[in-house]
Each structure stands twice: as structure tokens, then as C-alpha cells.
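Trainee: Pasting a structure here, questions to come.
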Amino acid sequence: MKLDKRGMWVRHRPAEDVRRLTGIEKLLDIGCGNGRHMIFPISVGLDIDPRAVARARKKGPVVLGDAHHLPFRRVFDVALIWGVLNYVEDPNRVYAEANRVSIQDPVYSIINYVKNARWIIKEK
């Protein structure tokens, strides 16, 4: 990672970092957008926007759904949350749902688009 001209951490490929650091195979990308982070052997995306779901389906299976109520059981190694928490109504609920569907101790890559935001890896 490096600092940008404002002195903020910049990381353009967080999913690659998570894959390299953890060696996981099954990823749930919560708020997958266009599916950019769906690079794992088994990747499933979830987004609330039907247009994003349509775009991400080119990268793998994607479900139209709400991050507050994930339609999955505990089957994913990791839940990735990237640039999502500042858009959800209840971030704590989204965390709880990500924990519920993760087999291993989940790793979250989180960024919020606010002044002085930082890149964080949080482990359970």
C-alpha cells in the first residue's frame, strides 16, 4: 500500500491481499458491485442493485439481496465488505450477518469514503 497525495492509504486490490494472506477458497463478496473482487476459486457476490448483479454475473454467481439479511448458511471462508458500510442502514447488523455465514474467523476489508478514512483488516 502507499499514501496518496492527501496522505491517505490507497489499496486498489483488497481481494488479492486477502487471498494472498489467508489462502482461502470460498468468498462471499457483500456489496459486490461489478464483481471486481470475485477472484477466488469459489466466489459468490451479493448486491442490492439489480444493475450491479447483472454486471457481476459475468464473473460468477451473484445473488440479488440485502446485506442485513444474507440468504446463506455458514458456507464461506471469508466475507469481504469493501466500500459498503457507509451505504447500509445498520453496519453492526451487516457485520453480524457476515460472521454468521463465515466458517473461519472472518476477515473484513473495509473502507468508508470519509475524510481521513483508513484501510482496515479486522479479525474476529
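By convention here, the chains of the C-alpha cells are called A, B, ... in the order presented, each chain's residues are numbered starting at 1, and ligands are numbered starting at 1 in the order presented.
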Each residue of segment 16-48 of chain A with at least one atom at most 7 Å from segment 56-69 of chain A should appear once, together with its nearest atom pair and the corresponding distance in Å (one decimal); atoms considered: only C-alpha atoms; ordering: chain, then increasing residue number; output as a tab-separated table.

Mentor:
```
residue	atom	partner	partner_atom	distance
A:Ile30	CA	A:Ala67	CA	6.5
A:Gly33	CA	A:Ala56	CA	6.6
A:Asn34	CA	A:Ala56	CA	4.4
A:Gly35	CA	A:Ala56	CA	4.3
A:Met38	CA	A:Lys59	CA	6.7
A:Ser43	CA	A:Gly60	CA	6.8
A:Val44	CA	A:Pro61	CA	5.3
A:Gly45	CA	A:Val62	CA	4.4
A:Leu46	CA	A:Val63	CA	4.8
A:Asp47	CA	A:Leu64	CA	5.4
A:Ile48	CA	A:Gly65	CA	5.0
```

Trainee: Residues within 9 Å of segment 93-98 of chain A, please, as a list in words. Count only C-alpha atoms; anything in the same chain fewer than 3 positions from it doesn't count.

Mentor: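 The residues that qualify are Leu28, Ile30, Ala67, His68, His69, Leu70, Val78, Ala79, Leu80, Ile81, Leu85, Val88, Glu89, Asp90, Val101, Ser102, Pro106 and Tyr108 of chain A.
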
Trainee: Extract the full set of alpha helix (DSSP H) residues from segment 17-101 of chain A according to DSSP on the backbone, and format it as a ChimeraX atom specification.

Mentor: /A:17-22,50-56,91-100

Trainee: Would you put the residues from that selection into a file with C-alpha atoms, as an mmCIF file, in the first residue's frame?

Mentor:
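result.cif, written as the output of this step:
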```
data_model
loop_
_atom_site.group_PDB
_atom_site.id
_atom_site.type_symbol
_atom_site.label_atom_id
_atom_site.label_comp_id
_atom_site.auth_asym_id
_atom_site.auth_seq_id
_atom_site.Cartn_x
_atom_site.Cartn_y
_atom_site.Cartn_z
ATOM 1 C CA ASP A 17 -4.413 -9.153 -0.468
ATOM 2 C CA VAL A 18 -6.996 -11.230 1.404
ATOM 3 C CA ARG A 19 -6.402 -14.188 -0.926
ATOM 4 C CA ARG A 20 -2.628 -13.977 -0.552
ATOM 5 C CA LEU A 21 -2.714 -13.537 3.232
ATOM 6 C CA THR A 22 -5.335 -16.170 4.052
ATOM 7 C CA PRO A 50 -30.174 -5.274 -9.902
ATOM 8 C CA ARG A 51 -27.901 -3.482 -12.395
ATOM 9 C CA ALA A 52 -24.810 -4.391 -10.378
ATOM 10 C CA VAL A 53 -25.980 -8.004 -10.133
ATOM 11 C CA ALA A 54 -26.374 -8.159 -13.923
ATOM 12 C CA ARG A 55 -22.814 -6.839 -14.445
ATOM 13 C CA ALA A 56 -21.240 -9.077 -11.793
ATOM 14 C CA PRO A 91 -23.437 -1.663 9.831
ATOM 15 C CA ASN A 92 -23.483 -3.765 13.011
ATOM 16 C CA ARG A 93 -26.192 -5.991 11.544
ATOM 17 C CA VAL A 94 -24.140 -6.423 8.349
ATOM 18 C CA TYR A 95 -21.114 -7.450 10.475
ATOM 19 C CA ALA A 96 -23.269 -9.939 12.381
ATOM 20 C CA GLU A 97 -24.585 -11.445 9.154
ATOM 21 C CA ALA A 98 -21.058 -11.713 7.705
ATOM 22 C CA ASN A 99 -19.951 -13.536 10.860
ATOM 23 C CA ARG A 100 -22.941 -15.857 10.660
#
```

Trainee: What is the atom CA of Ile39 of chain A-atom CA of Glu16 of chain A distance in Å, reported with one decimal?

Mentor: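 Rounded to one decimal, the two atoms are 7.6 Å apart.
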
Trainee: As a ChimeraX atom specification, which residues of segment 31-108 of chain A does DSSP assign to strand (DSSP E or B)?

Mentor: /A:42-47,62-64,76,78-81,102,107-108

Trainee: Go ahead and save the residues from that selection, with C-alpha atoms, as a CSV table (one decimal), in the first residue's frame.

Mentor:
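Result written to selection-v5.csv:
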```csv
chain,number,residue,atom,x,y,z
A,42,ILE,CA,-15.4,-20.2,-5.3
A,43,SER,CA,-16.7,-16.6,-5.3
A,44,VAL,CA,-20.3,-15.6,-4.7
A,45,GLY,CA,-21.4,-12.0,-4.9
A,46,LEU,CA,-24.4,-10.3,-3.3
A,47,ASP,CA,-25.7,-6.8,-4.1
A,62,VAL,CA,-24.4,-13.4,-7.8
A,63,VAL,CA,-27.5,-13.0,-5.7
A,64,LEU,CA,-29.8,-10.0,-5.5
A,76,PHE,CA,-18.0,-19.2,3.2
A,78,VAL,CA,-14.5,-15.2,4.3
A,79,ALA,CA,-17.0,-12.4,3.8
A,80,LEU,CA,-15.5,-9.4,2.1
A,81,ILE,CA,-17.0,-6.0,2.7
A,102,SER,CA,-18.3,-17.4,7.6
A,107,VAL,CA,-11.5,-11.2,7.6
A,108,TYR,CA,-13.1,-8.0,6.5
```
